[in-house]
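Undergrad: Let me begin by handing over the structure; questions about it come next.
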Amino acid sequence: MAAPEDESSAQSQSSSATAAPTPPPPPSAGDHYLAKCVLPPSVVLQVAYGYFRSPSSRDVVFGKETCLELVVVGVDGIVESVCEQNVFGTIKDLAVIPRSKMGKDLLAVLSDSGKLSFLSFSNEMHRFSPIQHVQLSSPGNSRTQLGRMLTVDSSGLFLAVSAYHDRFALFSLSSSSMADIIQERIFYPSEDGGKTSSVEELTGTIWSMCFISEGYTESKVYDPVLAIVLNRKGSLLNELVLFRWNIKEESICLISEYVEAGPLAHSIVEVPRSSGLAFLFRIGDALLMDLRDPQNPCCLVRTSLDLVPASLVEEHFVEESCRVQDGDDEGLSNVAASALLKLSDWDPMFIDTESDTGRLSSKHVSSWTWEPDHIYNPRMIICLDDGEFFEFELICEDDGIKINISECLYKGLPCKEILWVDGGFLATFTEMADGTVFKLGKEKLHWMSSIQNIAPILDFSVVDDQNEKRDQMFACCGVTPEGSLRIIRSGVNVERLLKTAPVYQGITGTWTVKMKLHDVYHSFLVLSFVEETRVLSVGLSFKDVTDSVGFQPDVCTLACGLVADGLLVQIHQDAVRLCMPNMDAAQSDGSSPFVSSWFPENVSISLGAVAENLIVVSTSNPCFLSVLGVKSVSSSHCCEIYEIQRVELQYEVSCISVPQKSIGKKRSRASALDDSCRAEIPSGMERGYTFLIGTHKPSVEVLSFSEDGGGLRVLASGMVSLTNTMGTAIRGCIPQDVRLVLVDQIYVLSGLRNGMLLRFEWPHCKEEMDIVVGERDNSPVNLVLIATRRIGITPVFLVPFSDSLDSDIIALSDRPWLLHTARQSLSYTSISFQPSTHATPVCSSECPQGILFVAENCLNLVEMVHSKRLNAQKFHLGGTPRKVIYHSESKLLIVMRIDVCDAGTSDICCVDPVSGSVLSSYKLKPGEAGKSMELVRVGNEQVLVVGTSLSSGPAILPSGEAESTKGRILILCLVHTQNSDSGSMTICSKDGSSSQRTSPFRDEQLSSSSLCSSPDDNSDDDDIKLDEAEAWHLKLACATTWPGMVLAICPYLDHFFLASAGNAFYVCGFPNDSPDKMKRFAVGRTRFMITSLRTYLTRIVVGDCRDGVLFYSYHEDVKKLHQVFCDPAQRLVADCFLMDANSVAVSDRKGSIAILSCKDHSDFEYSNPESNLNLNCAYHMGEVAMAIKKGGNIYKLPADDVLRSYGLNNGIDAADDTIIAGTLLGSIFVFAPISREEYELLEAVQAKLVVHPLTAPVLGNDHKEFRGRESPPQARKILDGDMLAQFLELTNRQQESVLSTPQPSSSTLKESSKQCPSPPLMLHQVVHLLERVHYALH
């Protein structure tokens, strides 16, 4: 029998070769950091399809190594993200466990925690939550322990887990219990001397496995059969081995083995609902195996993959003559490309080796998928390793089983995973290119949409975008033939369609109005000014139609809307005006509209709101609330406004909101579930009208109005009473806006005038209801304040995307935010747009998802697809972009590409950052590959220094030593000329506008992509000639052959630069400030290959591929280099940079970031070179960052003075110390410096979060062990911003529950924190600090 579960904690893993432990360094300014993944990984390694949210909501789960993402494929073929969560570990494999009886399917996941985790999607938490963890092995990535691969049988009753070699385990699963999913378990080979049928146990590498079902029925109990493709040690062929688990005898029996001479078998795939059929995929063919009699397996049909019909889809053909580039300095050979997707399988000591997995002479199946829910004649789509797609259909006839093979459906890139989903869609995923959603047509796949994948990020440059007043990143992504330059921005993607001149001063309100209640599109845009109102027709070109609509133009409009078909209402200070525009008012035919007005009695109107058949207005002195209606007065179809009811209020009304849809109506979208999950409607809302008001009490009130005698009454009320940690009331808590939301439950959102956001809910339990309702049945319910957030210091306006009650909401304050209404608590994401004073949704035929922002006196019409998974615009470059530099003088991007058009061709090109056009290029010699480049100052000018390789093959031997190779140093001048006379360049441009070329961040009048094109892909086809007067081109000044590949270049001081060659690096310069001649002044050598060079003033840091980082000083008077400090541990340096003269940030090829510094700040000119650097702090990302750079602007919350009252310093101020890292999985991490006080506060919060059931790592990882990998135990850990971010997603009660969690054991705390007890954690203090972090890093 299997051993009992071992839930013991994981042991910390130290660095592979560390020096003797050193005491922790004294605290300094650069010791405290917080890490946040601001862009999750985009590469999809595993996919699963199941009913995760409800029995009628079929979803797709993406496994992306370090996170899980739940998505749906819409009816339009667009993938929409529902939720994404960090798992704080590394996913190895995942599978669906069917649980139709229990309502929702489960997700089984293997990870580096050594556990098998069973997850269920929590609709309340809006993410996956663990149900049970089963300990299989110790944490880590051992090849001999269980935890590499899993498979589930079709009935969901059995599960198998394997190691890489020799071992597997079988589990029987409960079909009814969620508390204890595992019923029985058994291991092979037996761990406790159990029974096995074989005298000698089978050993070898497990390539693939699957269960072979036997026609399961509820009344029948059967022993499962497991088929494994096994490679025995020393064997040249793989064999198919069948095992049976005899549950009664508690043994695993070897049933049979199948092997035949011929191609190598690599995968076994069960045919669904076939009771014993399976495909055995081999190199060059596919065998349909009959395993119904497991003791006598046989082949029924043999299909040659080399004889399948050739591709006829020429328009989709992707030429694969371009090889994937060598790994050399970046470790990006095919081996390393696989390593980025399987970090656990990669031995980082064997880096930069050339691929030994070249093209096979025969085709093989790289991925496959079955048609969902197809009972008869199962159909499967396969993708071959050459990118061809085919459909297999199994047909059962009297004379046997036949396989119909389609013509080639499509030819593109080979896919790692493909998934056939409902609706006839096929989702495909490649490792280093965008995925695709196809629609399966007749004998052809039709492109529907892209699934963005920016992995791997090889280099990036951060540039300030003046339009959006924030940074944007230009990243080198992907490989040949799908290499691209991506413009990555923070927040939700915005496509700007129109921007007007800054002539709209003094706007006080904006609204869009339809002509009829059931119209799809808006007809009018209403702009209110201080003393004026204008009505414009909706479209890409706005036209003034104020006179045709009937609105009074010389007043400030307080509110407006559609009260009935063809009847518009304008509310201003003196009256409520009813207008009946002509049906052609949008075209302004000149005829006068019908107008009628209602006037209050000797008072002025302060606020108002309009909905179907309902008008609500309020006055301030005295405080009245009036409900108005519209009635017909004669047979001439004329209407007038009349007052239905007026009530006097004790407090002045601050805002009014009337839902535009009836309570209970919900639209279909990814975040909404089926009707069985409809929220319960509170009493009083079933009939009549419901609306909300905010008062100066301050409070929010939910009111109901009914004309059948009930009149106006208060259904619910929520007091706004907020205090800070000192116990004093927070000022400015008057509601500025209020909205009713109905998704899976009904709740109230309120934005306050002091920049805070509140969420109120109806009480849930009966006991709570008894307390808040009181004794009288008619008394209003006291709303419960669930969450409070500060999103700025200016008033918060709430703008729904649509009239639906479950629509997501834009929150305007200091900057725009997107509120996710389907989440619990308050969850919001920044919108990639400048601060705006007003916004309104605009829906037209040209722009169905438009938003009109008012910013800096301009009207900005944008299209915001907030379901888009990545905010990354794509410029297709063809080759593999290796390096990118922004040239400020020309405002161009300089990009190094390799493998352009054909293998072995590299160039340096100038790219327009607005259009993505390649404006000019300098081609290297045939067979010469670009490796590095930097801008270096020569006199008063800048030149581009380029390092290349003249040798094919790897740059680094497996031992870390430099290979015997040759390279070149090229000095290129970027010249602004009057003509294009250069033999080595091609000058062209897609966009002929000179303004676009001279200013890459111009004020756009139209978006860079038309409405009919894909906004993600701007190719460089159909280029036209540039104006000769504005030509920039690269001119060769000199070239020198070097004794090794030049993998690193760095400018040094004002007149030198550093360049590496093998394990040597040189100090070089230009005599007489002439780029035509270069001279080497000094040389330094390391033991192993140099991968990076960085400088800060006079300090030099060298990144060694084995010995870590080394500090050097250059003595110009004697022209010598001296090593002054070295790394305390062996480290496989991927990239590094000097933060100051004494501190260095370094990323390694095992997925960690470390910050090291000198022991003191004295002069080290002749210090002992064996003196070690101190490890200040470290953080294991679980992803390899090949590029890390100093950060740009970190945006602070404008309310820092408020935070000072809590004793918190402004820690996130040092932008120069901010670190940005781009990883091979497509992630972007930001490491932000914080103060010691903030660090200690958040460290205490993190210690509670990692053990609390709501926020602990979902896959059961020991958080300290995972984030502390590759660093000694005594090293200070960088705080995990992703773990801390979960705190803001909780409700107030859940947050209090976390903070009340018992303090972890003292062994988990630092020595410094043992010396004095920590003060109790205050909820307000923690929330305000995390709000500030959230604001800064978004």
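We label chains A, B, ... in the order they appear in the structure tokens, count residues from 1 in each chain, and number ligands from 1 in the order shown.
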Find the spatial neighbours of Tyr1052 (chain A), counting only C-alpha atoms, within a cut-off of 10 Å - ignore same-chain residues fewer than 2 positions away - and output them as a PyMOL selection string.
TA: chain A and resi 936-937+1049-1050+1054-1058+1067-1069+1094-1100
Undergrad: Emit the selected residues as a short mmCIF file (atom, residue, chain, number, x, y, z; two decimals), in the first residue's frame, including all heavy atoms.
TA:
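Wrote it out as result38.cif, contents follow:
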```cif
data_model
loop_
_atom_site.label_atom_id
_atom_site.label_comp_id
_atom_site.auth_asym_id
_atom_site.auth_seq_id
_atom_site.Cartn_x
_atom_site.Cartn_y
_atom_site.Cartn_z
N VAL A 936 28.20 54.70 -28.03
CA VAL A 936 29.39 55.19 -27.34
C VAL A 936 29.67 56.60 -27.84
O VAL A 936 29.57 56.89 -29.04
CB VAL A 936 30.60 54.27 -27.59
CG1 VAL A 936 31.86 54.85 -26.96
CG2 VAL A 936 30.32 52.87 -27.06
N ARG A 937 30.04 57.49 -26.93
CA ARG A 937 30.33 58.87 -27.29
C ARG A 937 31.77 59.00 -27.77
O ARG A 937 32.71 58.52 -27.12
CB ARG A 937 30.08 59.80 -26.11
CG ARG A 937 30.28 61.28 -26.44
CD ARG A 937 29.60 62.16 -25.42
NE ARG A 937 28.15 61.99 -25.44
CZ ARG A 937 27.35 62.57 -26.35
NH1 ARG A 937 27.86 63.34 -27.31
NH2 ARG A 937 26.06 62.37 -26.30
N ILE A 1049 29.50 44.62 -24.74
CA ILE A 1049 30.08 45.94 -25.00
C ILE A 1049 29.43 46.91 -24.02
O ILE A 1049 28.25 46.79 -23.71
CB ILE A 1049 29.83 46.40 -26.45
CG1 ILE A 1049 30.56 45.49 -27.44
CG2 ILE A 1049 30.26 47.85 -26.66
CD1 ILE A 1049 30.23 45.78 -28.88
N CYS A 1050 30.23 47.86 -23.54
CA CYS A 1050 29.68 48.84 -22.60
C CYS A 1050 30.47 50.13 -22.69
O CYS A 1050 31.71 50.10 -22.71
CB CYS A 1050 29.74 48.28 -21.18
SG CYS A 1050 29.03 49.39 -19.93
N ASP A 1054 33.74 58.99 -20.49
CA ASP A 1054 33.28 59.79 -21.62
C ASP A 1054 34.01 59.47 -22.90
O ASP A 1054 33.61 59.92 -23.97
CB ASP A 1054 33.43 61.28 -21.32
CG ASP A 1054 32.46 61.74 -20.24
OD1 ASP A 1054 31.40 61.11 -20.14
OD2 ASP A 1054 32.79 62.69 -19.52
N HIS A 1055 35.10 58.71 -22.83
CA HIS A 1055 35.91 58.53 -24.03
C HIS A 1055 36.44 57.11 -24.19
O HIS A 1055 37.32 56.88 -25.00
CB HIS A 1055 37.08 59.51 -24.02
CG HIS A 1055 37.85 59.52 -22.73
ND1 HIS A 1055 37.36 60.05 -21.57
CD2 HIS A 1055 39.08 59.03 -22.42
CE1 HIS A 1055 38.25 59.93 -20.60
NE2 HIS A 1055 39.30 59.31 -21.09
N PHE A 1056 35.94 56.16 -23.41
CA PHE A 1056 36.34 54.76 -23.55
C PHE A 1056 35.09 53.90 -23.75
O PHE A 1056 33.96 54.32 -23.53
CB PHE A 1056 37.08 54.25 -22.30
CG PHE A 1056 38.37 54.95 -22.01
CD1 PHE A 1056 38.50 55.74 -20.88
CD2 PHE A 1056 39.46 54.82 -22.86
CE1 PHE A 1056 39.69 56.38 -20.60
CE2 PHE A 1056 40.66 55.47 -22.58
CZ PHE A 1056 40.78 56.25 -21.46
N PHE A 1057 35.36 52.66 -24.16
CA PHE A 1057 34.33 51.63 -24.08
C PHE A 1057 35.00 50.31 -23.78
O PHE A 1057 36.21 50.12 -24.01
CB PHE A 1057 33.49 51.56 -25.37
CG PHE A 1057 34.20 51.00 -26.57
CD1 PHE A 1057 34.19 49.63 -26.85
CD2 PHE A 1057 34.88 51.84 -27.44
CE1 PHE A 1057 34.83 49.12 -27.97
CE2 PHE A 1057 35.53 51.34 -28.56
CZ PHE A 1057 35.50 49.98 -28.83
N LEU A 1058 34.23 49.37 -23.23
CA LEU A 1058 34.71 48.04 -22.88
C LEU A 1058 34.11 47.04 -23.86
O LEU A 1058 32.95 47.16 -24.27
CB LEU A 1058 34.30 47.65 -21.47
CG LEU A 1058 34.65 48.64 -20.35
CD1 LEU A 1058 34.08 48.14 -19.02
CD2 LEU A 1058 36.15 48.84 -20.24
N VAL A 1067 39.80 47.58 -22.54
CA VAL A 1067 39.46 48.98 -22.48
C VAL A 1067 39.90 49.60 -23.79
O VAL A 1067 41.09 49.55 -24.14
CB VAL A 1067 40.14 49.69 -21.29
CG1 VAL A 1067 39.78 51.17 -21.28
CG2 VAL A 1067 39.74 49.04 -19.98
N CYS A 1068 38.94 50.16 -24.52
CA CYS A 1068 39.22 50.68 -25.86
C CYS A 1068 38.85 52.15 -25.93
O CYS A 1068 38.03 52.65 -25.14
CB CYS A 1068 38.45 49.91 -26.93
SG CYS A 1068 38.70 48.11 -26.87
N GLY A 1069 39.45 52.84 -26.89
CA GLY A 1069 39.14 54.24 -27.08
C GLY A 1069 39.45 54.68 -28.50
O GLY A 1069 39.86 53.87 -29.35
N ARG A 1094 29.28 46.00 -17.43
CA ARG A 1094 28.56 47.21 -17.06
C ARG A 1094 29.50 48.13 -16.30
O ARG A 1094 30.47 47.69 -15.66
CB ARG A 1094 27.34 46.87 -16.18
CG ARG A 1094 26.25 46.11 -16.89
CD ARG A 1094 25.53 46.95 -17.93
NE ARG A 1094 24.41 46.27 -18.51
CZ ARG A 1094 24.46 45.52 -19.60
NH1 ARG A 1094 25.63 45.37 -20.23
NH2 ARG A 1094 23.38 44.93 -20.07
N THR A 1095 29.18 49.42 -16.33
CA THR A 1095 30.01 50.41 -15.64
C THR A 1095 29.13 51.40 -14.89
O THR A 1095 27.96 51.58 -15.21
CB THR A 1095 30.90 51.18 -16.62
OG1 THR A 1095 30.07 51.92 -17.53
CG2 THR A 1095 31.81 50.25 -17.41
N TYR A 1096 29.74 52.02 -13.87
CA TYR A 1096 29.13 53.14 -13.16
C TYR A 1096 30.28 54.05 -12.76
O TYR A 1096 31.10 53.70 -11.92
CB TYR A 1096 28.35 52.67 -11.94
CG TYR A 1096 27.61 53.78 -11.22
CD1 TYR A 1096 26.30 54.08 -11.57
CD2 TYR A 1096 28.22 54.52 -10.22
CE1 TYR A 1096 25.61 55.09 -10.92
CE2 TYR A 1096 27.55 55.54 -9.57
CZ TYR A 1096 26.24 55.83 -9.93
OH TYR A 1096 25.56 56.84 -9.30
N LEU A 1097 30.34 55.23 -13.40
CA LEU A 1097 31.47 56.13 -13.21
C LEU A 1097 32.75 55.37 -13.51
O LEU A 1097 32.94 54.88 -14.62
CB LEU A 1097 31.44 56.74 -11.81
CG LEU A 1097 30.18 57.56 -11.47
CD1 LEU A 1097 30.24 58.07 -10.04
CD2 LEU A 1097 29.99 58.71 -12.44
N THR A 1098 33.63 55.21 -12.52
CA THR A 1098 34.90 54.51 -12.78
C THR A 1098 34.82 53.01 -12.48
O THR A 1098 35.75 52.28 -12.80
CB THR A 1098 36.02 55.12 -11.91
OG1 THR A 1098 35.67 54.99 -10.53
CG2 THR A 1098 36.21 56.59 -12.25
N ARG A 1099 33.76 52.57 -11.85
CA ARG A 1099 33.65 51.16 -11.48
C ARG A 1099 33.22 50.32 -12.67
O ARG A 1099 32.40 50.71 -13.48
CB ARG A 1099 32.63 50.99 -10.34
CG ARG A 1099 32.40 49.57 -9.89
CD ARG A 1099 33.59 48.99 -9.13
NE ARG A 1099 33.77 49.68 -7.86
CZ ARG A 1099 34.93 50.20 -7.48
NH1 ARG A 1099 35.98 50.13 -8.27
NH2 ARG A 1099 35.04 50.81 -6.31
N ILE A 1100 33.81 49.12 -12.78
CA ILE A 1100 33.50 48.15 -13.84
C ILE A 1100 33.05 46.86 -13.18
O ILE A 1100 33.66 46.40 -12.21
CB ILE A 1100 34.75 47.88 -14.73
CG1 ILE A 1100 35.23 49.16 -15.41
CG2 ILE A 1100 34.44 46.81 -15.77
CD1 ILE A 1100 36.58 49.02 -16.09
#
```
Undergrad: Report as a list in words all protein, DNA and RNA residues lying within 7 Å of Gly140 (chain A), evaluated on only C-alpha atoms, omitting residues in the same chain fewer than 3 positions from it.
TA: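 Once the adjacent positions are removed, what remains is Asp112, Ser113 and Gly114 of chain A.
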Undergrad: Select, from A:Ser366, A:Asn246, A:Gln132, A:Asn377, the residue with the minimum atom-to-atom distance to Ser177 (chain A), counting only C-alpha atoms.
TA: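 Nearest to Ser177 (chain A): A:Gln132.
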Undergrad: If you run DSSP on the backbone, which residues of region 674-879 of chain A are strand (DSSP E or B), as a PyMOL selection string?
TA: chain A and resi 689-695+699-706+711-719+723+729+735-742+746-752+756-761+781-782+784-790+797-800+809-812+816-819+828-831+838-842+850-855+858-863+872-878
Undergrad: Might you pull out every residue within 9 Å of region 1142-1153 of chain A, with only C-alpha atoms counted and same-chain residues fewer than 3 positions away left off, and present them as a PyMOL selection string?
TA: chain A and resi 30+331+343+346-348+351+1099+1101+1103+1105+1108-1109+1111+1131-1139+1156-1161+1173+1177-1189+1219+1221+1223+1267-1271
Undergrad: Extract, using only C-alpha atoms, all DNA, RNA and protein residues at most 12 Å from Ile131 (chain A), discarding same-chain residues fewer than 6 positions from it, and format them as a ChimeraX atom specification.
TA: /A:106-109,116-122,177-182,1253-1254,1258-1260
Undergrad: Got time to write the residues from that selection, C-alpha atoms, as a JSON list (two decimals), in the first residue's frame?
TA:
```
[["chain", "number", "residue", "atom", "x", "y", "z"],
["A", 106, "LEU", "CA", -11.44, 19.83, -10.69],
["A", 107, "LEU", "CA", -7.93, 20.68, -11.84],
["A", 108, "ALA", "CA", -5.04, 18.38, -10.93],
["A", 109, "VAL", "CA", -1.61, 20.03, -10.96],
["A", 116, "LEU", "CA", -0.10, 16.65, -6.35],
["A", 117, "SER", "CA", -2.63, 19.46, -5.90],
["A", 118, "PHE", "CA", -6.37, 19.32, -6.50],
["A", 119, "LEU", "CA", -7.87, 22.72, -7.26],
["A", 120, "SER", "CA", -11.44, 23.96, -7.53],
["A", 121, "PHE", "CA", -12.46, 27.32, -8.93],
["A", 122, "SER", "CA", -13.92, 29.57, -6.24],
["A", 177, "SER", "CA", -16.27, 13.40, -1.68],
["A", 178, "MET", "CA", -14.49, 16.73, -1.97],
["A", 179, "ALA", "CA", -12.87, 16.44, 1.46],
["A", 180, "ASP", "CA", -10.80, 13.33, 0.72],
["A", 181, "ILE", "CA", -10.32, 12.91, -3.02],
["A", 182, "ILE", "CA", -7.69, 10.16, -2.86],
["A", 1253, "PRO", "CA", -5.76, 29.41, 3.86],
["A", 1254, "LEU", "CA", -7.13, 32.15, 1.59],
["A", 1258, "VAL", "CA", -2.16, 27.41, -4.25],
["A", 1259, "LEU", "CA", 0.10, 24.46, -5.16],
["A", 1260, "GLY", "CA", 1.33, 23.90, -1.62]]
```
Undergrad: Tell me which protein, DNA and RNA residues are within 6 Å of Ile908 (chain A), counting only C-alpha atoms, leaving out same-chain ones fewer than 5 positions away, and put them as a list in words.
TA: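 Listed by chain and then number, they are Val895, Met896, Ser921 and Tyr922 of chain A.
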Undergrad: Can you list, as a PyMOL selection string, every protein, DNA or RNA residue that comes within 7 Å of region 157-162 of chain A when you count only C-alpha atoms, leaving out same-chain residues fewer than 6 positions away?
TA: chain A and resi 146-151+168-175
